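Source file: entry.cif; contents: mmCIF, C-alpha atoms and all ligand atoms.
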data_entry
loop_
_atom_site.group_PDB
_atom_site.id
_atom_site.type_symbol
_atom_site.label_atom_id
_atom_site.label_comp_id
_atom_site.auth_asym_id
_atom_site.auth_seq_id
_atom_site.Cartn_x
_atom_site.Cartn_y
_atom_site.Cartn_z
ATOM 1 C CA MET A 1340 -7.283 5.311 1.830
ATOM 2 C CA LYS A 1341 -10.004 5.151 4.457
ATOM 3 C CA ASP A 1342 -13.349 6.858 3.842
ATOM 4 C CA ARG A 1343 -13.649 8.450 7.269
ATOM 5 C CA SER A 1344 -11.084 8.863 10.033
ATOM 6 C CA ASP A 1345 -13.378 6.962 12.401
ATOM 7 C CA ALA A 1346 -14.317 4.140 10.023
ATOM 8 C CA ILE A 1347 -12.302 1.571 11.967
ATOM 9 C CA LEU A 1348 -11.459 3.211 15.302
ATOM 10 C CA GLN A 1349 -13.772 5.162 17.604
ATOM 11 C CA SER A 1350 -13.734 8.790 16.495
ATOM 12 C CA ALA A 1351 -12.030 10.223 19.615
ATOM 13 C CA GLN A 1352 -9.180 7.724 19.296
ATOM 14 C CA ALA A 1353 -8.860 8.347 15.564
ATOM 15 C CA ALA A 1354 -8.716 12.128 16.123
ATOM 16 C CA PHE A 1355 -6.129 11.768 18.914
ATOM 17 C CA LEU A 1356 -3.899 9.546 16.795
ATOM 18 C CA GLU A 1357 -4.222 11.842 13.800
ATOM 19 C CA ARG A 1358 -3.058 14.826 15.882
ATOM 20 C CA LEU A 1359 -0.010 12.852 17.019
ATOM 21 C CA LEU A 1360 1.229 12.254 13.481
ATOM 22 C CA PRO A 1361 4.421 14.147 12.686
ATOM 23 C CA GLU A 1362 4.392 16.889 10.073
ATOM 24 C CA ARG A 1363 5.077 15.389 6.666
ATOM 25 C CA GLU A 1364 8.000 16.450 4.464
ATOM 26 C CA PRO A 1365 6.882 19.031 1.861
ATOM 27 C CA VAL A 1366 6.561 16.645 -1.116
ATOM 28 C CA LEU A 1367 4.470 14.159 0.896
ATOM 29 C CA ALA A 1368 2.250 16.986 2.162
ATOM 30 C CA GLU A 1369 1.801 18.218 -1.402
ATOM 31 C CA MET A 1370 0.867 14.705 -2.560
ATOM 32 C CA GLU A 1371 -1.744 14.486 0.210
ATOM 33 C CA ARG A 1372 -3.297 17.758 -0.985
ATOM 34 C CA ALA A 1373 -3.163 16.694 -4.645
ATOM 35 C CA ALA A 1374 -4.777 13.333 -3.800
ATOM 36 C CA GLU A 1375 -7.617 15.091 -1.995
ATOM 37 C CA THR A 1376 -8.435 17.426 -4.865
ATOM 38 C CA GLY A 1377 -7.573 14.950 -7.624
ATOM 39 C CA GLY A 1378 -4.765 17.144 -9.058
ATOM 40 C CA ILE A 1379 -5.158 16.923 -12.829
ATOM 41 C CA GLU A 1380 -7.704 14.098 -12.431
ATOM 42 C CA SER A 1381 -11.358 14.613 -11.574
ATOM 43 C CA GLY A 1382 -12.295 13.345 -8.099
ATOM 44 C CA SER A 1383 -9.817 12.251 -5.475
ATOM 45 C CA ILE A 1384 -6.832 9.960 -6.014
ATOM 46 C CA PRO A 1385 -6.520 7.006 -3.612
ATOM 47 C CA ILE A 1386 -3.235 7.172 -1.733
ATOM 48 C CA SER A 1387 -2.110 5.480 1.491
ATOM 49 C CA ASP A 1388 -3.136 7.066 4.766
ATOM 50 C CA PRO A 1389 -0.297 9.000 6.457
ATOM 51 C CA GLU A 1390 -0.143 6.541 9.370
ATOM 52 C CA VAL A 1391 0.253 3.683 6.890
ATOM 53 C CA GLY A 1392 2.973 5.627 5.083
ATOM 54 C CA CYS A 1393 4.714 6.045 8.421
ATOM 55 C CA LEU A 1394 4.445 2.300 9.071
ATOM 56 C CA LEU A 1395 5.993 1.552 5.658
ATOM 57 C CA THR A 1396 9.005 3.706 6.505
ATOM 58 C CA ILE A 1397 9.362 2.043 9.923
ATOM 59 C CA LEU A 1398 9.120 -1.473 8.472
ATOM 60 C CA THR A 1399 11.598 -0.952 5.622
ATOM 61 C CA ARG A 1400 14.029 0.725 7.999
ATOM 62 C CA SER A 1401 13.714 -1.801 10.813
ATOM 63 C CA ILE A 1402 14.305 -4.854 8.621
ATOM 64 C CA GLY A 1403 17.104 -3.097 6.688
ATOM 65 C CA ALA A 1404 15.173 -3.692 3.470
ATOM 66 C CA ARG A 1405 17.115 -3.394 0.227
ATOM 67 C CA ARG A 1406 14.632 -4.583 -2.391
ATOM 68 C CA VAL A 1407 10.982 -3.618 -2.073
ATOM 69 C CA VAL A 1408 8.055 -4.062 -4.461
ATOM 70 C CA GLU A 1409 4.881 -1.971 -4.335
ATOM 71 C CA VAL A 1410 1.738 -3.077 -6.187
ATOM 72 C CA GLY A 1411 -0.214 0.070 -7.095
ATOM 73 C CA THR A 1412 1.831 3.314 -7.261
ATOM 74 C CA ALA A 1413 -0.860 5.981 -7.785
ATOM 75 C CA ILE A 1414 1.154 9.243 -7.508
ATOM 76 C CA GLY A 1415 4.059 7.762 -5.550
ATOM 77 C CA TYR A 1416 3.102 8.407 -1.901
ATOM 78 C CA GLY A 1417 3.754 4.853 -0.706
ATOM 79 C CA ALA A 1418 6.857 4.564 -2.891
ATOM 80 C CA LEU A 1419 8.348 7.669 -1.264
ATOM 81 C CA CYS A 1420 7.512 6.387 2.246
ATOM 82 C CA LEU A 1421 9.163 3.058 1.399
ATOM 83 C CA ALA A 1422 12.220 4.799 -0.051
ATOM 84 C CA ARG A 1423 12.538 6.822 3.172
ATOM 85 C CA GLY A 1424 13.384 3.544 4.923
ATOM 86 C CA GLY A 1425 17.025 4.272 4.080
ATOM 87 C CA GLU A 1426 19.489 5.147 1.335
ATOM 88 C CA GLN A 1427 19.936 1.429 0.617
ATOM 89 C CA VAL A 1428 16.257 0.834 -0.247
ATOM 90 C CA GLU A 1429 15.426 0.202 -3.921
ATOM 91 C CA VAL A 1430 11.736 0.161 -4.795
ATOM 92 C CA VAL A 1431 9.996 -1.334 -7.821
ATOM 93 C CA SER A 1432 6.478 0.088 -8.044
ATOM 94 C CA ILE A 1433 3.781 -1.101 -10.456
ATOM 95 C CA GLU A 1434 0.947 1.055 -11.836
ATOM 96 C CA ALA A 1435 -1.501 0.522 -14.699
ATOM 97 C CA ASP A 1436 -2.385 4.205 -15.168
ATOM 98 C CA GLU A 1437 0.189 6.083 -17.242
ATOM 99 C CA GLY A 1438 -0.948 9.540 -16.110
ATOM 100 C CA ARG A 1439 -0.578 8.666 -12.434
ATOM 101 C CA LEU A 1440 2.824 7.118 -13.113
ATOM 102 C CA GLY A 1441 3.927 10.400 -14.735
ATOM 103 C CA SER A 1442 2.835 12.325 -11.620
ATOM 104 C CA ALA A 1443 4.658 9.803 -9.413
ATOM 105 C CA ARG A 1444 7.846 10.250 -11.439
ATOM 106 C CA ARG A 1445 7.753 14.030 -11.005
ATOM 107 C CA TYR A 1446 7.097 13.874 -7.249
ATOM 108 C CA LEU A 1447 9.796 11.246 -6.698
ATOM 109 C CA GLU A 1448 12.319 13.314 -8.660
ATOM 110 C CA ARG A 1449 11.531 16.343 -6.506
ATOM 111 C CA ALA A 1450 11.887 14.230 -3.354
ATOM 112 C CA GLY A 1451 15.343 13.115 -4.565
ATOM 113 C CA VAL A 1452 14.607 9.378 -4.656
ATOM 114 C CA ALA A 1453 13.847 8.824 -8.366
ATOM 115 C CA ASP A 1454 17.148 6.982 -8.879
ATOM 116 C CA ARG A 1455 16.052 4.392 -6.275
ATOM 117 C CA VAL A 1456 12.442 3.891 -7.434
ATOM 118 C CA ARG A 1457 11.829 1.959 -10.650
ATOM 119 C CA LEU A 1458 8.337 2.624 -11.959
ATOM 120 C CA GLU A 1459 6.775 -0.185 -13.995
ATOM 121 C CA LEU A 1460 3.798 0.597 -16.220
ATOM 122 C CA GLY A 1461 1.517 -2.418 -16.595
ATOM 123 C CA THR A 1462 -1.032 -4.617 -14.908
ATOM 124 C CA ALA A 1463 0.058 -5.938 -11.554
ATOM 125 C CA LEU A 1464 -0.314 -9.647 -12.303
ATOM 126 C CA ASP A 1465 1.711 -9.425 -15.537
ATOM 127 C CA VAL A 1466 4.505 -7.363 -14.051
ATOM 128 C CA LEU A 1467 4.734 -9.377 -10.819
ATOM 129 C CA ARG A 1468 5.109 -12.627 -12.803
ATOM 130 C CA ARG A 1469 8.151 -11.336 -14.651
ATOM 131 C CA LEU A 1470 9.882 -9.573 -11.725
ATOM 132 C CA GLN A 1471 12.833 -11.370 -10.198
ATOM 133 C CA GLY A 1472 13.262 -11.650 -6.449
ATOM 134 C CA PRO A 1473 14.392 -11.803 -3.816
ATOM 135 C CA PHE A 1474 12.356 -9.024 -2.175
ATOM 136 C CA ASP A 1475 12.626 -7.985 1.468
ATOM 137 C CA LEU A 1476 9.222 -6.319 1.571
ATOM 138 C CA ALA A 1477 6.130 -6.255 -0.663
ATOM 139 C CA TYR A 1478 3.357 -3.677 -0.312
ATOM 140 C CA LEU A 1479 0.013 -4.684 -1.850
ATOM 141 C CA ASP A 1480 -2.277 -1.786 -2.691
ATOM 142 C CA ALA A 1481 -3.844 -2.276 -6.142
ATOM 143 C CA VAL A 1482 -6.819 -4.510 -7.078
ATOM 144 C CA LYS A 1483 -8.364 -5.801 -3.839
ATOM 145 C CA THR A 1484 -9.843 -8.928 -5.453
ATOM 146 C CA GLU A 1485 -6.338 -9.877 -6.675
ATOM 147 C CA TYR A 1486 -4.515 -9.700 -3.325
ATOM 148 C CA ARG A 1487 -4.414 -13.470 -2.920
ATOM 149 C CA ASP A 1488 -2.898 -13.856 -6.418
ATOM 150 C CA TYR A 1489 -0.282 -11.231 -5.576
ATOM 151 C CA VAL A 1490 0.732 -13.221 -2.485
ATOM 152 C CA GLU A 1491 0.926 -16.483 -4.408
ATOM 153 C CA ILE A 1492 3.113 -14.983 -7.141
ATOM 154 C CA LEU A 1493 5.294 -13.137 -4.648
ATOM 155 C CA LEU A 1494 5.827 -15.793 -1.993
ATOM 156 C CA PRO A 1495 8.570 -17.710 -3.877
ATOM 157 C CA LYS A 1496 10.262 -14.357 -4.565
ATOM 158 C CA MET A 1497 10.357 -13.206 -0.919
ATOM 159 C CA ARG A 1498 13.420 -13.713 1.249
ATOM 160 C CA PRO A 1499 12.878 -15.701 4.476
ATOM 161 C CA GLY A 1500 11.867 -13.207 7.154
ATOM 162 C CA GLY A 1501 10.612 -10.785 4.508
ATOM 163 C CA LEU A 1502 7.342 -8.920 4.992
ATOM 164 C CA ILE A 1503 4.175 -8.781 2.912
ATOM 165 C CA VAL A 1504 2.059 -5.748 3.827
ATOM 166 C CA ALA A 1505 -1.454 -5.271 2.450
ATOM 167 C CA ASP A 1506 -3.553 -2.111 2.705
ATOM 168 C CA ASN A 1507 -7.348 -1.732 3.095
ATOM 169 C CA THR A 1508 -7.814 -5.135 4.733
ATOM 170 C CA LEU A 1509 -10.711 -3.863 6.895
ATOM 171 C CA TRP A 1510 -12.215 -1.851 3.986
ATOM 172 C CA LYS A 1511 -14.050 1.100 5.616
ATOM 173 C CA GLY A 1512 -15.034 -1.210 8.469
ATOM 174 C CA TRP A 1513 -17.214 -3.213 6.052
ATOM 175 C CA VAL A 1514 -15.169 -6.428 6.303
ATOM 176 C CA ALA A 1515 -16.167 -6.917 9.946
ATOM 177 C CA ASP A 1516 -19.471 -5.074 9.977
ATOM 178 C CA PRO A 1517 -21.011 -4.875 6.482
ATOM 179 C CA PRO A 1518 -23.797 -2.334 5.883
ATOM 180 C CA PRO A 1519 -26.507 -3.362 3.354
ATOM 181 C CA GLU A 1520 -24.654 -1.710 0.443
ATOM 182 C CA ALA A 1521 -21.639 -3.986 1.070
ATOM 183 C CA ALA A 1522 -23.622 -6.835 -0.507
ATOM 184 C CA ARG A 1523 -23.036 -5.181 -3.894
ATOM 185 C CA ASP A 1524 -19.353 -4.531 -3.243
ATOM 186 C CA GLN A 1525 -17.063 -7.366 -4.329
ATOM 187 C CA ASN A 1526 -14.059 -5.936 -2.447
ATOM 188 C CA THR A 1527 -15.697 -6.486 0.947
ATOM 189 C CA GLU A 1528 -16.052 -10.246 0.549
ATOM 190 C CA ALA A 1529 -12.705 -10.571 -1.275
ATOM 191 C CA LEU A 1530 -10.870 -8.787 1.541
ATOM 192 C CA ARG A 1531 -12.663 -10.809 4.217
ATOM 193 C CA GLU A 1532 -11.550 -13.983 2.462
ATOM 194 C CA PHE A 1533 -8.054 -12.564 1.987
ATOM 195 C CA ASP A 1534 -7.684 -11.811 5.715
ATOM 196 C CA ARG A 1535 -8.695 -15.397 6.547
ATOM 197 C CA TYR A 1536 -6.334 -16.795 3.905
ATOM 198 C CA LEU A 1537 -3.389 -14.728 5.121
ATOM 199 C CA MET A 1538 -3.958 -15.494 8.814
ATOM 200 C CA ALA A 1539 -4.193 -19.244 8.129
ATOM 201 C CA HIS A 1540 -1.319 -19.486 5.618
ATOM 202 C CA PRO A 1541 1.139 -22.157 6.814
ATOM 203 C CA LEU A 1542 4.194 -20.293 5.453
ATOM 204 C CA LEU A 1543 3.295 -16.945 6.993
ATOM 205 C CA THR A 1544 3.007 -15.408 10.434
ATOM 206 C CA SER A 1545 0.324 -12.775 9.953
ATOM 207 C CA LEU A 1546 -1.654 -10.089 11.713
ATOM 208 C CA VAL A 1547 -4.391 -7.669 10.628
ATOM 209 C CA LEU A 1548 -4.057 -4.290 12.339
ATOM 210 C CA PRO A 1549 -6.795 -1.636 12.759
ATOM 211 C CA LEU A 1550 -4.555 1.061 11.291
ATOM 212 C CA GLY A 1551 -5.805 3.393 8.570
ATOM 213 C CA ASP A 1552 -8.277 1.320 6.562
ATOM 214 C CA GLY A 1553 -6.855 -1.913 8.010
ATOM 215 C CA VAL A 1554 -3.333 -3.154 7.311
ATOM 216 C CA ALA A 1555 -2.207 -6.775 7.205
ATOM 217 C CA ILE A 1556 1.402 -7.684 7.902
ATOM 218 C CA ALA A 1557 2.687 -11.169 7.130
ATOM 219 C CA CYS A 1558 6.203 -12.375 7.880
ATOM 220 C CA VAL A 1559 7.551 -15.062 5.542
ATOM 221 C CA GLY A 1560 8.575 -18.123 7.536
HETATM 222 C C1 LIG A 1601 -4.739 2.719 -3.693
HETATM 223 S S1 LIG A 1601 -3.916 3.205 -5.110
HETATM 224 C C2 LIG A 1601 -2.218 3.003 -4.683
HETATM 225 C C3 LIG A 1601 -1.745 3.969 -3.646
HETATM 226 C C4 LIG A 1601 -0.264 3.906 -3.387
HETATM 227 N N1 LIG A 1601 0.166 2.570 -3.055
HETATM 228 C C5 LIG A 1601 0.083 4.816 -2.235
HETATM 229 O O1 LIG A 1601 0.653 4.333 -1.243
HETATM 230 O O2 LIG A 1601 -0.193 6.006 -2.302
HETATM 231 C C6 LIG A 1601 -4.150 1.852 -6.193
HETATM 232 C C7 LIG A 1601 -3.538 2.066 -7.565
HETATM 233 O O3 LIG A 1601 -3.569 0.812 -8.254
HETATM 234 C C8 LIG A 1601 -3.723 1.100 -9.620
HETATM 235 N N2 LIG A 1601 -4.224 -0.097 -10.289
HETATM 236 C C9 LIG A 1601 -5.510 -0.500 -10.443
HETATM 237 N N3 LIG A 1601 -5.572 -1.670 -11.103
HETATM 238 C C10 LIG A 1601 -4.288 -2.024 -11.349
HETATM 239 C C11 LIG A 1601 -3.683 -3.146 -11.961
HETATM 240 N N4 LIG A 1601 -4.411 -4.160 -12.444
HETATM 241 N N5 LIG A 1601 -2.352 -3.182 -12.054
HETATM 242 C C12 LIG A 1601 -1.596 -2.170 -11.540
HETATM 243 N N6 LIG A 1601 -2.104 -1.086 -10.945
HETATM 244 C C13 LIG A 1601 -3.432 -1.023 -10.840
HETATM 245 C C14 LIG A 1601 -4.707 2.260 -9.658
HETATM 246 O O4 LIG A 1601 -4.576 2.979 -10.871
HETATM 247 C C15 LIG A 1601 -4.292 3.056 -8.429
HETATM 248 O O5 LIG A 1601 -3.466 4.139 -8.771
#
Please go through the file and, once you have read it, give me the structure as structure tokens.
Amino acid sequence: MKDRSDAILQSAQAAFLERLLPEREPVLAEMERAAETGGIESGSIPISDPEVGCLLTILTRSIGARRVVEVGTAIGYGALCLARGGEQVEVVSIEADEGRLGSARRYLERAGVADRVRLELGTALDVLRRLQGPFDLAYLDAVKTEYRDYVEILLPKMRPGGLIVADNTLWKGWVADPPPEAARDQNTEALREFDRYLMAHPLLTSLVLPLGDGVAIACVG
């Protein structure tokens, strides 16, 4: 989730693009409201930006994805967007917070996709190591300092031509243009290094897009 709508883009462009977004289905809209207020949690809950959710649906649909893994479920927003890629899509989504996973389960049931989304409670690195591929698409959205480890565990489990998508890769604009407080933020440097790693990876064709809070897309092979 980006901090401000104009963190990456100029504000007029960000506002224009936001107005163009289609109305979300009721369960997604409700999740957006719950994330803003925190629902049963105090403070807000980090979920994907709507434009990133839209991209996830487009990507899963356009590559005819069948098996998808999401790292970091929160309340299920990304999982639902991925599942909307088509009736054939099966999602495995990993979350360390039991309360959030319970919320995700309830939303996904109401959206009618619970039978196609397997929720895994645990830490991302542990669960990813024991999951069996092949996966058509992986969406990375949990611990920013672990993104590189996620890619290294997942790469042998991705099908050729599969996609690895990572959220927050421009991190409030700090990755490219760090304010003084970024010096104390380990995610900024980790994501800057991750972007370089992904772009230079010999087995990937990658791009970092200024969408939402920055989204990287890497094609395997
Ligand atoms: C940005 S949110 C995920 C948003 C979700 N992908 C979406 O599209 O709405 C990141 C989530 O990762 C979870 N998380 C943090 N550390 C984790 C870990 N080590 N393993 C698994 N999940 C973790 C957090 O509890 C949080 O709910």
If we count all atoms listed in the file and set the cut-off at 8 Å, which residues sit around Leu1460 in chain A, ignoring sequence neighbours fewer than 6 positions away in its own chain? Please answer as a PDB file with C-alpha atoms, in the frame of the given file.
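Generated file (part_20.pdb):
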ATOM      1  CA  ILE A1433       3.781  -1.101 -10.456  1.00  0.00           C
ATOM      2  CA  GLU A1434       0.947   1.055 -11.836  1.00  0.00           C
ATOM      3  CA  ALA A1435      -1.501   0.522 -14.699  1.00  0.00           C
ATOM      4  CA  ASP A1436      -2.385   4.205 -15.168  1.00  0.00           C
ATOM      5  CA  GLU A1437       0.189   6.083 -17.242  1.00  0.00           C
ATOM      6  CA  LEU A1440       2.824   7.118 -13.113  1.00  0.00           C
TER       7      LEU A1440
END
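For the structure in this document, the set picked by the PyMOL selection byres (((not hetatm)) within 6 of (chain A and resi 1601)) is A:Pro1385, A:Ile1386, A:Ser1387, A:Gly1411, A:Thr1412, A:Ala1413, A:Gly1415, A:Tyr1416, A:Gly1417, A:Ile1433, A:Glu1434, A:Ala1435, A:Asp1436, A:Gly1461, A:Thr1462, A:Ala1463, A:Asp1480, A:Ala1481, A:Val1482.
We find CA of Phe1533 in chain A and CA of Val1391 in chain A to be spaced 18.9 Å apart.
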*Could you tell me which of A:Arg1444, A:Lys1496, A:Arg1439, A:Lys1483 comes closest to Arg1531 in chain A if we count all atoms listed in the file?*
A:Lys1483
*Work out how far apart CA of Ala1555 in chain A and CA of Tyr1486 in chain A are and give it in Å to one decimal.*
11.2 Å
Non-local contacts of Glu1357 in chain A (12 Å; all atoms listed in the file; under 2 positions in same chain excluded) as a PDB file with C-alpha atoms, in the coordinates of the input:
ATOM      1  CA  ARG A1343     -13.649   8.450   7.269  1.00  0.00           C
ATOM      2  CA  SER A1344     -11.084   8.863  10.033  1.00  0.00           C
ATOM      3  CA  ASP A1345     -13.378   6.962  12.401  1.00  0.00           C
ATOM      4  CA  LEU A1348     -11.459   3.211  15.302  1.00  0.00           C
ATOM      5  CA  SER A1350     -13.734   8.790  16.495  1.00  0.00           C
ATOM      6  CA  ALA A1351     -12.030  10.223  19.615  1.00  0.00           C
ATOM      7  CA  GLN A1352      -9.180   7.724  19.296  1.00  0.00           C
ATOM      8  CA  ALA A1353      -8.860   8.347  15.564  1.00  0.00           C
ATOM      9  CA  ALA A1354      -8.716  12.128  16.123  1.00  0.00           C
ATOM     10  CA  PHE A1355      -6.129  11.768  18.914  1.00  0.00           C
ATOM     11  CA  LEU A1359      -0.010  12.852  17.019  1.00  0.00           C
ATOM     12  CA  LEU A1360       1.229  12.254  13.481  1.00  0.00           C
ATOM     13  CA  PRO A1361       4.421  14.147  12.686  1.00  0.00           C
ATOM     14  CA  GLU A1362       4.392  16.889  10.073  1.00  0.00           C
ATOM     15  CA  ASP A1388      -3.136   7.066   4.766  1.00  0.00           C
ATOM     16  CA  PRO A1389      -0.297   9.000   6.457  1.00  0.00           C
ATOM     17  CA  GLU A1390      -0.143   6.541   9.370  1.00  0.00           C
ATOM     18  CA  VAL A1391       0.253   3.683   6.890  1.00  0.00           C
ATOM     19  CA  CYS A1393       4.714   6.045   8.421  1.00  0.00           C
ATOM     20  CA  LEU A1550      -4.555   1.061  11.291  1.00  0.00           C
ATOM     21  CA  GLY A1551      -5.805   3.393   8.570  1.00  0.00           C
TER      22      GLY A1551
END
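Taking CA of Leu1479 in chain A and CA of Val1407 in chain A as the two end points, the separation is 11.0 Å.
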To verify the selection step, state as an mmCIF file with C-alpha atoms, keeping the file's coordinate frame which residues the PyMOL selection byres (((chain A and resi 1458) around 7) and not hetatm) yields on this input.
data_model
loop_
_atom_site.group_PDB
_atom_site.id
_atom_site.type_symbol
_atom_site.label_atom_id
_atom_site.label_comp_id
_atom_site.auth_asym_id
_atom_site.auth_seq_id
_atom_site.Cartn_x
_atom_site.Cartn_y
_atom_site.Cartn_z
ATOM 1 C CA VAL A 1431 9.996 -1.334 -7.821
ATOM 2 C CA SER A 1432 6.478 0.088 -8.044
ATOM 3 C CA ILE A 1433 3.781 -1.101 -10.456
ATOM 4 C CA VAL A 1456 12.442 3.891 -7.434
ATOM 5 C CA ARG A 1457 11.829 1.959 -10.650
ATOM 6 C CA GLU A 1459 6.775 -0.185 -13.995
ATOM 7 C CA LEU A 1460 3.798 0.597 -16.220
#
*Might you spell out which residues the PyMOL selection byres (((chain A and resi 1528) around 12) and not hetatm) would select in the displayed file, as a PyMOL selection string?*
chain A and resi 1483-1484+1508-1510+1513-1517+1521-1527+1529-1535
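Comparing the minimum interatomic distances between Leu1548 in chain A and each of A:Leu1394, A:Leu1476, A:Val1410, A:Leu1367, counting only C-alpha atoms, we find that A:Leu1394 sits nearest.
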Only N, CA and C atoms needed: put range 1417-1430 of chain A from the block into a file as a CSV table (one decimal), in the first residue's frame.
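File out.csv, as written:
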chain,number,residue,atom,x,y,z
A,1417,GLY,N,-5.5,-9.3,-2.2
A,1417,GLY,CA,-4.7,-9.7,-3.4
A,1417,GLY,C,-5.2,-11.1,-3.8
A,1418,ALA,N,-5.5,-12.0,-2.8
A,1418,ALA,CA,-5.9,-13.4,-3.1
A,1418,ALA,C,-7.1,-13.3,-4.0
A,1419,LEU,N,-8.1,-12.4,-3.6
A,1419,LEU,CA,-9.3,-12.4,-4.4
A,1419,LEU,C,-9.1,-11.8,-5.8
A,1420,CYS,N,-8.2,-10.8,-5.9
A,1420,CYS,CA,-7.9,-10.3,-7.2
A,1420,CYS,C,-7.2,-11.4,-8.1
A,1421,LEU,N,-6.3,-12.2,-7.5
A,1421,LEU,CA,-5.7,-13.2,-8.2
A,1421,LEU,C,-6.7,-14.3,-8.6
A,1422,ALA,N,-7.6,-14.6,-7.7
A,1422,ALA,CA,-8.6,-15.7,-8.0
A,1422,ALA,C,-9.6,-15.2,-9.1
A,1423,ARG,N,-9.8,-13.9,-9.3
A,1423,ARG,CA,-10.6,-13.3,-10.3
A,1423,ARG,C,-10.0,-13.4,-11.7
A,1424,GLY,N,-8.8,-14.0,-11.8
A,1424,GLY,CA,-8.2,-14.2,-13.1
A,1424,GLY,C,-8.9,-15.3,-13.8
A,1425,GLY,N,-9.7,-16.1,-13.2
A,1425,GLY,CA,-10.5,-17.1,-13.9
A,1425,GLY,C,-10.8,-18.3,-13.0
A,1426,GLU,N,-11.9,-19.0,-13.4
A,1426,GLU,CA,-12.4,-20.1,-12.6
A,1426,GLU,C,-11.3,-21.2,-12.4
A,1427,GLN,N,-10.3,-21.2,-13.3
A,1427,GLN,CA,-9.3,-22.3,-13.3
A,1427,GLN,C,-8.2,-21.9,-12.3
A,1428,VAL,N,-8.1,-20.7,-11.8
A,1428,VAL,CA,-7.0,-20.3,-10.9
A,1428,VAL,C,-7.1,-20.8,-9.5
A,1429,GLU,N,-6.1,-21.5,-9.0
A,1429,GLU,CA,-6.0,-21.9,-7.6
A,1429,GLU,C,-4.9,-21.2,-6.9
A,1430,VAL,N,-5.2,-20.6,-5.8
A,1430,VAL,CA,-4.2,-19.7,-5.1
A,1430,VAL,C,-3.8,-20.4,-3.8
